[in-house]
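Data block for work_28.cif (mmCIF, C-alpha atoms):
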```cif
data_entry
loop_
_atom_site.label_atom_id
_atom_site.label_comp_id
_atom_site.auth_asym_id
_atom_site.auth_seq_id
_atom_site.Cartn_x
_atom_site.Cartn_y
_atom_site.Cartn_z
CA MET J 16 157.07 -79.46 18.24
CA SER J 17 155.52 -78.46 21.49
CA GLU J 18 159.03 -77.75 22.81
CA LYS J 19 159.53 -75.20 20.02
CA LYS J 20 156.20 -73.51 20.55
CA GLN J 21 156.99 -72.84 24.19
CA GLN J 22 159.05 -69.68 23.65
CA VAL J 23 158.99 -68.52 27.28
CA SER J 24 160.26 -71.17 29.64
CA ARG J 25 159.03 -71.43 33.21
CA ARG J 26 162.43 -70.19 34.43
CA GLN J 27 162.31 -67.16 32.11
CA PHE J 28 158.73 -66.37 33.08
CA LEU J 29 159.64 -66.38 36.76
CA ASN J 30 162.70 -64.25 36.06
CA TYR J 31 160.69 -61.65 34.20
CA THR J 32 157.94 -61.44 36.80
CA LEU J 33 160.38 -61.21 39.69
CA THR J 34 162.43 -58.50 37.98
CA GLY J 35 159.26 -56.62 37.16
CA VAL J 36 157.82 -56.77 40.66
CA GLY J 37 161.24 -56.19 42.26
CA GLY J 38 161.87 -53.21 40.00
CA PHE J 39 158.51 -51.71 40.87
CA MET J 40 159.18 -52.11 44.58
CA ALA J 41 162.65 -50.59 44.26
CA ALA J 42 161.26 -47.66 42.29
CA SER J 43 158.52 -46.96 44.83
CA MET J 44 161.16 -46.89 47.55
CA LEU J 45 163.68 -44.81 45.61
CA ALA J 46 161.35 -42.19 44.15
CA PRO J 47 160.63 -40.37 47.44
CA MET J 48 164.32 -40.59 48.38
CA VAL J 49 165.42 -39.03 45.10
CA ARG J 50 162.76 -36.35 45.45
CA PHE J 51 164.04 -35.66 48.95
CA ALA J 52 167.65 -35.46 47.75
CA ILE J 53 167.00 -33.00 44.92
CA ASP J 54 164.52 -30.92 46.92
CA PRO J 55 166.94 -28.00 47.56
CA VAL J 56 167.56 -27.72 43.81
CA LEU J 57 163.85 -27.42 43.13
CA LYS J 58 163.40 -24.90 45.92
CA ALA J 59 166.18 -22.57 44.69
CA SER J 60 163.93 -21.30 41.91
CA SER J 61 161.59 -19.72 44.44
CA ALA J 62 164.52 -17.64 45.77
CA SER J 63 164.35 -15.41 42.71
CA GLU J 64 161.20 -13.73 44.00
CA MET J 65 160.67 -10.13 43.00
CA HIS J 66 160.10 -7.38 45.55
CA ALA J 67 158.30 -4.10 45.02
CA VAL J 68 160.85 -1.36 45.59
CA VAL J 69 159.71 2.01 44.25
CA GLU J 70 157.29 3.78 41.90
CA VAL J 71 158.89 4.23 38.48
CA SER J 72 157.88 7.91 38.52
CA GLU J 73 160.22 8.50 41.47
CA ILE J 74 163.29 7.32 39.57
CA THR J 75 165.48 10.18 38.34
CA LYS J 76 168.59 10.56 36.19
CA GLU J 77 170.53 10.93 39.43
CA PRO J 78 171.07 7.61 41.27
CA GLN J 79 168.95 7.31 44.43
CA ARG J 80 169.23 4.68 47.10
CA PHE J 81 166.14 2.60 47.90
CA ASP J 82 165.89 0.07 50.73
CA TRP J 83 163.50 -2.81 51.18
CA THR J 84 163.19 -5.56 53.76
CA VAL J 85 162.88 -9.26 53.16
CA GLU J 86 161.92 -11.82 55.75
CA GLN J 87 164.58 -14.49 55.74
CA VAL J 88 164.10 -17.85 57.39
CA ASP J 89 167.22 -19.76 58.43
CA ALA J 90 166.00 -23.02 59.94
CA TRP J 91 164.05 -21.95 63.03
CA TYR J 92 165.28 -18.39 63.05
CA THR J 93 163.40 -15.68 61.17
CA SER J 94 165.03 -12.35 60.59
CA ASP J 95 164.36 -9.23 58.57
CA VAL J 96 167.14 -8.59 56.11
CA THR J 97 167.49 -5.19 54.52
CA HIS J 98 168.54 -4.88 50.89
CA SER J 99 169.44 -1.71 49.03
CA ALA J 100 169.79 -0.63 45.42
CA TRP J 101 171.04 2.47 43.63
CA VAL J 102 168.50 3.15 40.90
CA TYR J 103 168.58 5.72 38.05
CA LYS J 104 167.51 6.20 34.44
CA ASN J 105 170.24 6.48 31.81
CA GLU J 106 170.24 8.70 28.67
CA LYS J 107 168.12 6.15 26.80
CA ASP J 108 165.56 6.29 29.65
CA GLU J 109 166.38 2.71 30.68
CA ILE J 110 166.20 1.85 34.37
CA ILE J 111 169.57 0.86 35.86
CA PRO J 112 169.22 -0.87 39.27
CA LEU J 113 172.72 -1.33 40.72
CA SER J 114 173.62 -3.40 43.76
CA PRO J 115 175.41 -1.24 46.36
CA VAL J 116 177.68 -4.08 47.44
CA CYS J 117 181.33 -3.28 46.66
CA LYS J 118 182.97 -6.07 44.63
CA HIS J 119 186.11 -5.81 46.73
CA LEU J 120 184.97 -6.92 50.18
CA GLY J 121 181.28 -6.15 50.29
CA CYS J 122 180.90 -2.72 51.91
CA GLN J 123 178.05 -0.47 50.74
CA VAL J 124 179.03 2.09 48.12
CA ASN J 125 177.72 5.67 48.10
CA TRP J 126 176.95 8.02 45.24
CA ALA J 127 179.02 11.17 44.65
CA THR J 128 180.49 11.36 48.15
CA ASN J 129 184.11 11.44 47.00
CA GLU J 130 184.15 12.24 43.26
CA PRO J 131 181.15 13.73 41.45
CA ASP J 132 179.39 11.22 39.19
CA GLU J 133 181.06 8.19 40.72
CA PHE J 134 180.17 5.56 43.28
CA TYR J 135 182.63 5.44 46.15
CA CYS J 136 183.33 2.74 48.72
CA PRO J 137 184.39 4.27 52.05
CA CYS J 138 186.17 1.12 53.23
CA HIS J 139 189.15 0.93 50.91
CA GLY J 140 188.54 3.70 48.40
CA GLY J 141 187.01 1.59 45.63
CA ARG J 142 185.47 3.67 42.80
CA TYR J 143 182.89 2.94 40.12
CA TYR J 144 181.61 5.00 37.19
CA LYS J 145 177.90 5.82 37.00
CA SER J 146 177.37 2.73 34.82
CA GLY J 147 178.64 0.65 37.74
CA GLU J 148 181.91 -0.23 35.97
CA ASN J 149 184.89 -0.22 38.29
CA VAL J 150 187.51 2.48 37.90
CA PRO J 151 190.82 0.76 37.00
CA ASN J 152 193.56 0.74 39.64
CA THR J 153 191.14 0.92 42.56
CA PRO J 154 190.60 -2.15 44.79
CA PRO J 155 187.48 -3.67 43.13
CA ASN J 156 188.11 -5.88 40.10
CA ALA J 157 184.56 -6.18 38.74
CA PRO J 158 181.60 -3.88 38.02
CA LEU J 159 178.74 -3.57 40.52
CA ASP J 160 176.07 -6.24 40.11
CA LEU J 161 172.84 -5.38 38.29
CA TYR J 162 169.53 -6.46 39.81
CA GLU J 163 167.05 -8.51 37.79
CA PHE J 164 164.13 -6.16 37.38
CA GLU J 165 160.57 -5.92 36.18
CA VAL J 166 158.08 -3.07 35.89
CA ARG J 167 154.50 -3.94 36.82
CA ASP J 168 151.76 -1.27 36.96
CA GLY J 169 154.26 1.55 37.30
CA THR J 170 156.18 -0.08 40.17
CA LEU J 171 159.73 -1.32 39.96
CA PHE J 172 160.25 -4.88 41.21
CA LEU J 173 163.76 -6.15 41.93
CA GLY J 174 164.99 -9.74 42.12
CA GLN J 175 168.48 -11.09 42.62
CA PRO J 176 171.70 -9.16 41.89
CA VAL J 177 173.47 -10.62 38.85
CA PRO J 178 177.27 -10.36 38.50
CA ARG J 179 178.71 -8.88 35.33
CA GLN J 180 181.86 -9.59 33.32
CA GLU J 181 185.16 -8.15 34.43
CA VAL J 182 186.20 -4.93 32.69
CA MET X 12 181.93 -9.15 59.00
CA LYS X 13 180.32 -10.99 61.83
CA TRP X 14 181.22 -13.74 64.26
CA ASP X 15 179.96 -16.29 61.78
CA LYS X 16 181.72 -19.20 60.11
CA ASP X 17 181.37 -17.96 56.53
CA ASP X 18 182.38 -14.40 57.40
CA LEU X 19 185.37 -15.63 59.36
CA LYS X 20 186.65 -17.59 56.34
CA VAL X 21 186.61 -14.36 54.36
CA TYR X 22 188.21 -12.52 57.25
CA TYR X 23 191.24 -14.78 57.45
CA LYS X 24 191.69 -14.53 53.68
CA SER X 25 191.59 -10.74 53.64
CA LYS X 26 192.81 -9.87 57.11
CA GLU X 27 194.94 -6.94 55.93
CA TYR X 28 191.81 -5.05 54.84
CA VAL X 29 189.92 -5.41 58.13
CA ASP X 30 191.39 -2.96 60.61
CA THR X 31 188.33 -2.10 62.68
CA VAL X 32 186.38 -3.96 65.33
CA CYS X 33 183.09 -2.82 66.85
CA ILE X 34 181.90 -4.16 70.21
CA PRO X 35 178.30 -3.44 71.25
CA LEU X 36 177.99 -3.14 75.06
CA ALA X 37 174.67 -3.90 76.74
CA PRO X 38 173.88 -3.93 80.48
CA ILE X 39 171.49 -6.46 82.02
CA SER X 40 169.42 -6.22 85.21
CA TYR X 41 166.47 -8.22 86.53
CA GLU X 42 165.94 -6.20 89.72
CA LYS X 43 163.12 -3.88 88.64
CA GLU X 44 160.62 -4.66 85.94
CA GLU X 45 160.53 -1.18 84.51
CA GLU X 46 164.27 -0.98 84.14
CA ALA X 47 164.59 -4.50 82.77
CA VAL X 48 162.06 -3.70 80.05
CA LYS X 49 163.93 -0.54 79.17
CA LEU X 50 167.27 -2.34 79.04
CA SER X 51 165.95 -5.17 76.92
CA ASN X 52 164.56 -2.63 74.50
CA GLN X 53 167.94 -0.92 74.28
CA TYR X 54 169.55 -4.30 73.81
CA GLN X 55 167.35 -4.94 70.78
CA SER X 56 167.92 -1.46 69.38
CA LEU X 57 171.65 -1.97 69.77
CA GLN X 58 171.46 -5.24 67.86
CA LEU X 59 169.47 -3.63 65.05
CA LEU X 60 171.88 -0.71 64.86
CA SER X 61 175.03 -2.76 64.95
CA THR X 62 173.88 -5.22 62.25
CA GLU X 63 172.93 -2.32 60.01
CA LEU X 64 176.30 -0.67 60.67
CA GLU X 65 178.07 -3.92 59.86
CA ARG X 66 176.15 -4.20 56.59
CA ASN X 67 177.54 -0.84 55.52
CA TYR X 68 181.14 -1.70 56.35
CA VAL X 69 181.31 -5.47 55.81
CA GLY X 70 184.74 -5.29 54.20
CA ARG X 71 186.52 -3.27 56.86
CA MET X 72 184.70 -3.85 60.14
CA MET X 73 184.41 -6.92 62.31
CA LEU X 74 181.30 -6.85 64.47
CA SER X 75 182.09 -8.57 67.73
CA PRO X 76 179.36 -10.51 69.56
CA LEU X 77 177.47 -8.36 72.03
CA TYR X 78 179.22 -7.82 75.36
CA THR X 79 176.87 -8.06 78.35
CA TYR X 80 177.42 -7.12 81.99
CA LYS X 81 175.44 -6.40 85.17
CA LYS X 82 174.03 -2.89 85.22
CA ASP X 83 175.67 -0.41 87.64
CA LYS X 84 177.69 -3.09 89.43
CA ASN X 85 181.28 -2.07 89.96
CA MET X 86 181.91 0.02 86.88
CA GLU X 87 185.61 0.27 87.70
CA MET X 88 186.03 -3.46 87.36
CA GLU X 89 184.12 -3.37 84.06
CA ILE X 90 186.35 -0.62 82.72
CA LYS X 91 189.41 -2.63 83.69
CA ARG X 92 188.08 -5.73 81.99
CA MET X 93 187.03 -3.81 78.91
CA ASN X 94 190.50 -2.30 78.62
CA GLN X 95 191.95 -5.78 78.69
CA TRP X 96 189.64 -6.78 75.83
CA ILE X 97 190.62 -3.66 73.91
CA HIS X 98 194.33 -4.37 74.35
CA ASP X 99 193.86 -7.93 73.14
CA PHE X 100 191.89 -6.76 70.12
CA GLN X 101 194.43 -4.09 69.29
CA ALA X 102 196.89 -6.83 68.29
CA ASP X 103 194.65 -7.55 65.28
CA PHE X 104 192.69 -4.35 64.78
CA LYS X 105 193.92 -0.78 64.56
CA HIS X 106 190.58 0.75 65.56
CA VAL X 107 188.42 -0.49 68.42
CA PHE X 108 184.95 1.07 68.68
CA LEU X 109 182.55 0.49 71.57
CA LEU X 110 178.88 1.07 70.85
CA THR X 111 176.47 1.56 73.76
CA PHE X 112 173.36 3.24 75.18
CA ASP X 113 174.70 2.98 78.73
CA VAL X 114 175.68 6.40 80.08
CA ASN X 115 178.00 4.87 82.69
CA TRP X 116 180.66 4.27 80.05
CA ARG X 117 180.31 7.84 78.89
CA LYS X 118 180.94 9.12 82.39
CA GLN X 119 184.28 7.36 82.54
CA GLU X 120 185.20 7.62 78.89
CA LYS X 121 188.64 9.05 79.67
CA ASP X 122 189.67 5.78 81.35
CA LEU X 123 188.78 3.72 78.28
CA ASP X 124 191.44 2.84 75.74
CA GLY X 125 189.03 2.39 72.81
CA GLN X 126 186.78 4.84 70.98
CA LEU X 127 183.41 5.05 72.72
CA ILE X 128 180.34 5.78 70.64
CA TRP X 129 177.62 6.61 73.13
CA LEU X 130 174.06 6.84 71.85
CA PRO X 131 171.55 8.75 73.95
CA GLY X 132 168.99 6.17 75.11
CA THR X 133 165.98 5.92 72.89
CA SER X 134 163.54 3.08 72.91
CA ILE X 135 162.12 1.84 69.66
CA GLU X 136 159.05 -0.25 69.08
CA ALA X 137 159.46 -4.00 68.79
CA GLN X 138 157.84 -3.90 65.38
CA PRO X 139 159.99 -1.93 62.97
CA THR X 140 157.91 0.85 61.46
CA GLU X 141 158.77 3.47 58.87
CA LEU X 142 159.68 5.82 61.68
CA THR X 143 162.02 3.31 63.28
CA LYS X 144 163.73 2.71 59.96
CA LYS X 145 164.22 6.45 59.51
CA TRP X 146 165.59 6.72 63.04
CA ILE X 147 168.03 3.87 62.42
CA GLN X 148 169.18 5.39 59.13
CA GLU X 149 169.73 8.71 60.86
CA GLN X 150 171.78 7.14 63.65
CA ILE X 151 173.78 5.05 61.18
CA SER X 152 174.74 8.02 59.05
CA GLN X 153 175.98 9.89 62.13
CA ILE X 154 177.93 6.91 63.46
CA SER X 155 179.34 6.34 59.97
CA GLU X 156 180.58 9.89 59.77
CA LEU X 157 182.30 9.50 63.12
CA ILE X 158 183.93 6.19 62.21
CA GLN X 159 185.11 7.47 58.84
CA SER X 160 186.77 10.44 60.54
CA TYR X 161 188.98 7.98 62.43
CA TRP X 162 189.80 6.07 59.25
CA ASP X 163 191.23 9.05 57.36
#
```
Could you take the file, read its structure, and then write that structure out as structure tokens?
Amino acid sequence: MSEKKQQVSRRQFLNYTLTGVGGFMAASMLAPMVRFAIDPVLKASSASEMHAVVEVSEITKEPQRFDWTVEQVDAWYTSDVTHSAWVYKNEKDEIIPLSPVCKHLGCQVNWATNEPDEFYCPCHGGRYYKSGENVPNTPPNAPLDLYEFEVRDGTLFLGQPVPRQEV
Amino acid sequence: MKWDKDDLKVYYKSKEYVDTVCIPLAPISYEKEEEAVKLSNQYQSLQLLSTELERNYVGRMMLSPLYTYKKDKNMEMEIKRMNQWIHDFQADFKHVFLLTFDVNWRKQEKDLDGQLIWLPGTSIEAQPTELTKKWIQEQISQISELIQSYWD
């Protein structure tokens, strides 16, 4: 009878306790290591910071180029990196903030220097319509990136450039 | 493109599109304090200018690391050495531009086999201000115009 009542044997009890304590110890060792390993993933979200670029009232129907500087830290080396955007309002009064980086090889495009109402890349003659879509049969094969944007208290804030689908 | 491992990967993939190299030239001298300060300032301005220039023409221009030499020492030898560099570079690049504040190159420009872009010496503040930014933009647009005239 007493044999039947004893549902946890001494051996089992020791097994359970050792697994429990061992598991706890393993977890306390692994947790900081895992946190350390995935740290860059967690940090990436802070890269999508927004930067104040220009007062909304200054934005016209004609694209204008605005520059801003971001302090970039690469390990021990801090440098100021300049970013630019071509910003305008379309017919529906929506703000269009285009990245000036040519989708061919990354030169900076200019507005209306070659053809009126088109962006032009001086490096290899890439062309884009005002919407940022690439003109077919010119070197670039994708439209200019659009910046993430936000309007706070009448100021335009820009984040990261986001690639668009191929035309 | 810069002398940088990621940029170089792109360069070797799209070599046929990159036909221009730009070499910034900066003299160095420790002899007199006043001159050394002036030269170091020009050195920094040159770095600012050339990185900004590179940003505009990433896809067609390779920015070479800065070339340094002793100020005023045997310019003839420097010209000779520079021409050797230019000839070597011309195997890979159609256009070789030299960017400098040093007037000594300007004086002997006719002996150089590359295109010299001489900038009249201006010192800018260490801290970039609005005025500095404007000045850089102004210089860049003029240099750009010059470079594009060679491309056509």
Residues at most 10 Å from Glu87 of chain X, counting all atoms listed in the file, excluding those fewer than 6 positions away in the same chain, as a list in words?
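Returned residues: Met93, Trp116, Gln119 and Asp122 of chain X.
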Take the selection from the previous step and output its residues with C-alpha atoms, as a PDB file, keeping the file's coordinate frame.
```
ATOM      1  CA  MET X  93     187.030  -3.810  78.910  1.00  0.00           C
ATOM      2  CA  TRP X 116     180.660   4.270  80.050  1.00  0.00           C
ATOM      3  CA  GLN X 119     184.280   7.360  82.540  1.00  0.00           C
ATOM      4  CA  ASP X 122     189.670   5.780  81.350  1.00  0.00           C
TER       5      ASP X 122
END
```
Nearby residues (only C-alpha atoms) at most 7 Å from segment 69-71 of chain J, same-chain spacing under 2 positions excluded, as an MDAnalysis selection string:
chainID J and resid 67 73:74 169:171
Compile a residue-level contact table for chain J against chain X at a cut-off of 9 Å, reporting for every qualifying residue the shortest atom pair and its distance in Å to one decimal, with only C-alpha atoms counted, rows ordered by chain and ascending number, as a Markdown table.
```
| residue | atom | partner | partner_atom | distance |
| --- | --- | --- | --- | --- |
| J:Thr97 | CA | X:Glu63 | CA | 8.2 |
| J:Val116 | CA | X:Asn67 | CA | 8.7 |
| J:Cys117 | CA | X:Gly70 | CA | 8.5 |
| J:His119 | CA | X:Gly70 | CA | 7.6 |
| J:Leu120 | CA | X:Gly70 | CA | 4.3 |
| J:Gly121 | CA | X:Gly70 | CA | 5.3 |
| J:Cys122 | CA | X:Tyr68 | CA | 4.6 |
| J:Gln123 | CA | X:Asn67 | CA | 4.8 |
| J:Val124 | CA | X:Asn67 | CA | 8.1 |
| J:Pro137 | CA | X:Gln159 | CA | 7.5 |
| J:Cys138 | CA | X:Arg71 | CA | 5.7 |
| J:His139 | CA | X:Tyr28 | CA | 7.6 |
```
Could you list the residues chosen by the PyMOL selection byres ((chain X and resi 112) around 9) in this structure as a list in words?
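Applied to this file, the PyMOL selection byres ((chain X and resi 112) around 9) selects Leu36, Ala37, Pro38, Gln53, Tyr54, Leu57, Leu110, Thr111, Asp113, Val114, Asn115, Trp116, Ile128, Trp129, Leu130, Pro131, Gly132 and Thr133 of chain X.
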Atom pair atom CA of Asp160 of chain J / atom CA of Leu60 of chain X: separation (Å):
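These two atoms are separated by 25.7 Å.
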In Å, rounded to a single decimal, give me how far atom CA of Trp126 of chain J is from atom CA of Lys24 of chain X.
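Going from atom CA of Lys24 of chain X over to atom CA of Trp126 of chain J, I get 28.2 Å.
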The PyMOL selection byres ((chain J and resi 154) around 10) applied to the shown file, residues as a ChimeraX atom specification
/J:117-120,136,139-142,149-153,155-157
Mind giving me the straight-line distance from atom CA of Thr84 of chain J to atom CA of Ser72 of chain J in Å, one decimal?
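Going from atom CA of Thr84 of chain J over to atom CA of Ser72 of chain J covers 21.0 Å.
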Might you pull out every residue within 10 Å of Pro178 of chain J, with only C-alpha atoms counted and same-chain residues fewer than 2 positions away left off, and present them as a PyMOL selection string?
chain J and resi 114+118+157-162+175-176+180-181
Show me the residues around (187.5, 1.0, 85.2) - criterion: an atom at most 12 Å away, only C-alpha atoms counted - as JSON, numbers by chain.
{"X": [84, 85, 86, 87, 88, 89, 90, 91, 92, 93, 94, 95, 115, 116, 117, 118, 119, 120, 121, 122, 123, 124]}
Applying the PyMOL selection byres ((chain J and resi 98) around 6) to the file I just gave you, which residues come out? Please list them as a PyMOL selection string.
chain J and resi 82-83+97+99
Suppose we keep C-alpha atoms; can you now write the selection as a tab-separated table (two decimals), keeping the file's coordinate frame?
```tsv
chain	number	residue	atom	x	y	z
J	82	ASP	CA	165.89	0.07	50.73
J	83	TRP	CA	163.50	-2.81	51.18
J	97	THR	CA	167.49	-5.19	54.52
J	99	SER	CA	169.44	-1.71	49.03
```
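Proximity to Tyr103 of chain J at 7 Å, evaluated using only C-alpha atoms and with sequence-adjacent residues fewer than 2 positions away removed, yields Ile74, Thr75, Lys76, Glu77, Pro78, Gln79, Trp101, Asn105, Ile110, Ile111 and Pro112 of chain J.
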Just add all heavy atoms to segment 84-94 of chain X and send it as a PDB file, in the coordinates of the input.
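Listed below is the output, rebuild-v5.pdb:
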```pdb
ATOM      1  N   LYS X  84     176.883  -2.388  88.446  1.00  0.00           N
ATOM      2  CA  LYS X  84     177.690  -3.090  89.430  1.00  0.00           C
ATOM      3  C   LYS X  84     179.155  -2.848  89.128  1.00  0.00           C
ATOM      4  O   LYS X  84     179.657  -3.249  88.068  1.00  0.00           O
ATOM      5  CB  LYS X  84     177.378  -4.602  89.412  1.00  0.00           C
ATOM      6  CG  LYS X  84     175.999  -4.934  89.931  1.00  0.00           C
ATOM      7  CD  LYS X  84     176.004  -5.046  91.456  1.00  0.00           C
ATOM      8  CE  LYS X  84     174.639  -4.783  92.045  1.00  0.00           C
ATOM      9  NZ  LYS X  84     173.642  -5.763  91.651  1.00  0.00           N
ATOM     10  N   ASN X  85     179.839  -2.201  90.045  1.00  0.00           N
ATOM     11  CA  ASN X  85     181.280  -2.070  89.960  1.00  0.00           C
ATOM     12  C   ASN X  85     181.798  -1.688  88.567  1.00  0.00           C
ATOM     13  O   ASN X  85     182.430  -2.471  87.872  1.00  0.00           O
ATOM     14  CB  ASN X  85     181.917  -3.397  90.402  1.00  0.00           C
ATOM     15  CG  ASN X  85     183.323  -3.167  90.906  1.00  0.00           C
ATOM     16  OD1 ASN X  85     183.901  -2.115  90.634  1.00  0.00           O
ATOM     17  ND2 ASN X  85     183.842  -4.135  91.613  1.00  0.00           N
ATOM     18  N   MET X  86     181.522  -0.461  88.208  1.00  0.00           N
ATOM     19  CA  MET X  86     181.910   0.020  86.880  1.00  0.00           C
ATOM     20  C   MET X  86     183.420   0.017  86.692  1.00  0.00           C
ATOM     21  O   MET X  86     183.917  -0.180  85.592  1.00  0.00           O
ATOM     22  CB  MET X  86     181.315   1.423  86.689  1.00  0.00           C
ATOM     23  CG  MET X  86     180.908   1.745  85.288  1.00  0.00           C
ATOM     24  SD  MET X  86     179.908   0.462  84.522  1.00  0.00           S
ATOM     25  CE  MET X  86     180.173   0.865  82.817  1.00  0.00           C
ATOM     26  N   GLU X  87     184.148   0.235  87.810  1.00  0.00           N
ATOM     27  CA  GLU X  87     185.610   0.270  87.700  1.00  0.00           C
ATOM     28  C   GLU X  87     186.169  -1.060  87.202  1.00  0.00           C
ATOM     29  O   GLU X  87     187.058  -1.106  86.363  1.00  0.00           O
ATOM     30  CB  GLU X  87     186.238   0.589  89.052  1.00  0.00           C
ATOM     31  CG  GLU X  87     186.639   2.054  89.176  1.00  0.00           C
ATOM     32  CD  GLU X  87     186.800   2.468  90.620  1.00  0.00           C
ATOM     33  OE1 GLU X  87     187.540   1.770  91.348  1.00  0.00           O
ATOM     34  OE2 GLU X  87     186.173   3.474  91.009  1.00  0.00           O
ATOM     35  N   MET X  88     185.585  -2.145  87.758  1.00  0.00           N
ATOM     36  CA  MET X  88     186.030  -3.460  87.360  1.00  0.00           C
ATOM     37  C   MET X  88     185.711  -3.695  85.868  1.00  0.00           C
ATOM     38  O   MET X  88     186.514  -4.256  85.126  1.00  0.00           O
ATOM     39  CB  MET X  88     185.324  -4.515  88.203  1.00  0.00           C
ATOM     40  CG  MET X  88     185.970  -5.857  88.204  1.00  0.00           C
ATOM     41  SD  MET X  88     184.906  -7.002  89.092  1.00  0.00           S
ATOM     42  CE  MET X  88     183.633  -7.308  87.869  1.00  0.00           C
ATOM     43  N   GLU X  89     184.524  -3.215  85.457  1.00  0.00           N
ATOM     44  CA  GLU X  89     184.120  -3.370  84.060  1.00  0.00           C
ATOM     45  C   GLU X  89     185.065  -2.643  83.112  1.00  0.00           C
ATOM     46  O   GLU X  89     185.432  -3.145  82.048  1.00  0.00           O
ATOM     47  CB  GLU X  89     182.684  -2.874  83.843  1.00  0.00           C
ATOM     48  CG  GLU X  89     181.610  -3.805  84.355  1.00  0.00           C
ATOM     49  CD  GLU X  89     181.613  -5.173  83.678  1.00  0.00           C
ATOM     50  OE1 GLU X  89     182.200  -5.314  82.588  1.00  0.00           O
ATOM     51  OE2 GLU X  89     181.039  -6.101  84.270  1.00  0.00           O
ATOM     52  N   ILE X  90     185.431  -1.411  83.545  1.00  0.00           N
ATOM     53  CA  ILE X  90     186.350  -0.620  82.720  1.00  0.00           C
ATOM     54  C   ILE X  90     187.673  -1.357  82.570  1.00  0.00           C
ATOM     55  O   ILE X  90     188.227  -1.461  81.473  1.00  0.00           O
ATOM     56  CB  ILE X  90     186.605   0.762  83.381  1.00  0.00           C
ATOM     57  CG1 ILE X  90     185.302   1.561  83.420  1.00  0.00           C
ATOM     58  CG2 ILE X  90     187.733   1.503  82.677  1.00  0.00           C
ATOM     59  CD1 ILE X  90     185.148   2.666  82.439  1.00  0.00           C
ATOM     60  N   LYS X  91     188.137  -1.917  83.683  1.00  0.00           N
ATOM     61  CA  LYS X  91     189.410  -2.630  83.690  1.00  0.00           C
ATOM     62  C   LYS X  91     189.348  -3.822  82.724  1.00  0.00           C
ATOM     63  O   LYS X  91     190.246  -4.044  81.922  1.00  0.00           O
ATOM     64  CB  LYS X  91     189.694  -3.132  85.105  1.00  0.00           C
ATOM     65  CG  LYS X  91     191.156  -3.005  85.494  1.00  0.00           C
ATOM     66  CD  LYS X  91     191.301  -3.321  86.957  1.00  0.00           C
ATOM     67  CE  LYS X  91     192.657  -3.914  87.247  1.00  0.00           C
ATOM     68  NZ  LYS X  91     192.733  -4.381  88.633  1.00  0.00           N
ATOM     69  N   ARG X  92     188.242  -4.546  82.828  1.00  0.00           N
ATOM     70  CA  ARG X  92     188.080  -5.730  81.990  1.00  0.00           C
ATOM     71  C   ARG X  92     187.966  -5.340  80.518  1.00  0.00           C
ATOM     72  O   ARG X  92     188.577  -5.967  79.645  1.00  0.00           O
ATOM     73  CB  ARG X  92     186.828  -6.497  82.445  1.00  0.00           C
ATOM     74  CG  ARG X  92     186.557  -7.736  81.668  1.00  0.00           C
ATOM     75  CD  ARG X  92     185.987  -8.865  82.514  1.00  0.00           C
ATOM     76  NE  ARG X  92     185.921 -10.079  81.713  1.00  0.00           N
ATOM     77  CZ  ARG X  92     184.830 -10.471  81.058  1.00  0.00           C
ATOM     78  NH1 ARG X  92     183.722  -9.767  81.142  1.00  0.00           N
ATOM     79  NH2 ARG X  92     184.844 -11.554  80.323  1.00  0.00           N
ATOM     80  N   MET X  93     187.198  -4.273  80.282  1.00  0.00           N
ATOM     81  CA  MET X  93     187.030  -3.810  78.910  1.00  0.00           C
ATOM     82  C   MET X  93     188.358  -3.383  78.310  1.00  0.00           C
ATOM     83  O   MET X  93     188.658  -3.684  77.162  1.00  0.00           O
ATOM     84  CB  MET X  93     186.019  -2.649  78.889  1.00  0.00           C
ATOM     85  CG  MET X  93     185.566  -2.182  77.513  1.00  0.00           C
ATOM     86  SD  MET X  93     185.300  -3.455  76.293  1.00  0.00           S
ATOM     87  CE  MET X  93     183.923  -4.321  76.964  1.00  0.00           C
ATOM     88  N   ASN X  94     189.187  -2.702  79.116  1.00  0.00           N
ATOM     89  CA  ASN X  94     190.500  -2.300  78.620  1.00  0.00           C
ATOM     90  C   ASN X  94     191.363  -3.498  78.253  1.00  0.00           C
ATOM     91  O   ASN X  94     192.110  -3.453  77.275  1.00  0.00           O
ATOM     92  CB  ASN X  94     191.212  -1.407  79.637  1.00  0.00           C
ATOM     93  CG  ASN X  94     190.724   0.028  79.536  1.00  0.00           C
ATOM     94  OD1 ASN X  94     190.207   0.442  78.501  1.00  0.00           O
ATOM     95  ND2 ASN X  94     190.867   0.777  80.618  1.00  0.00           N
TER      96      ASN X  94
END
```
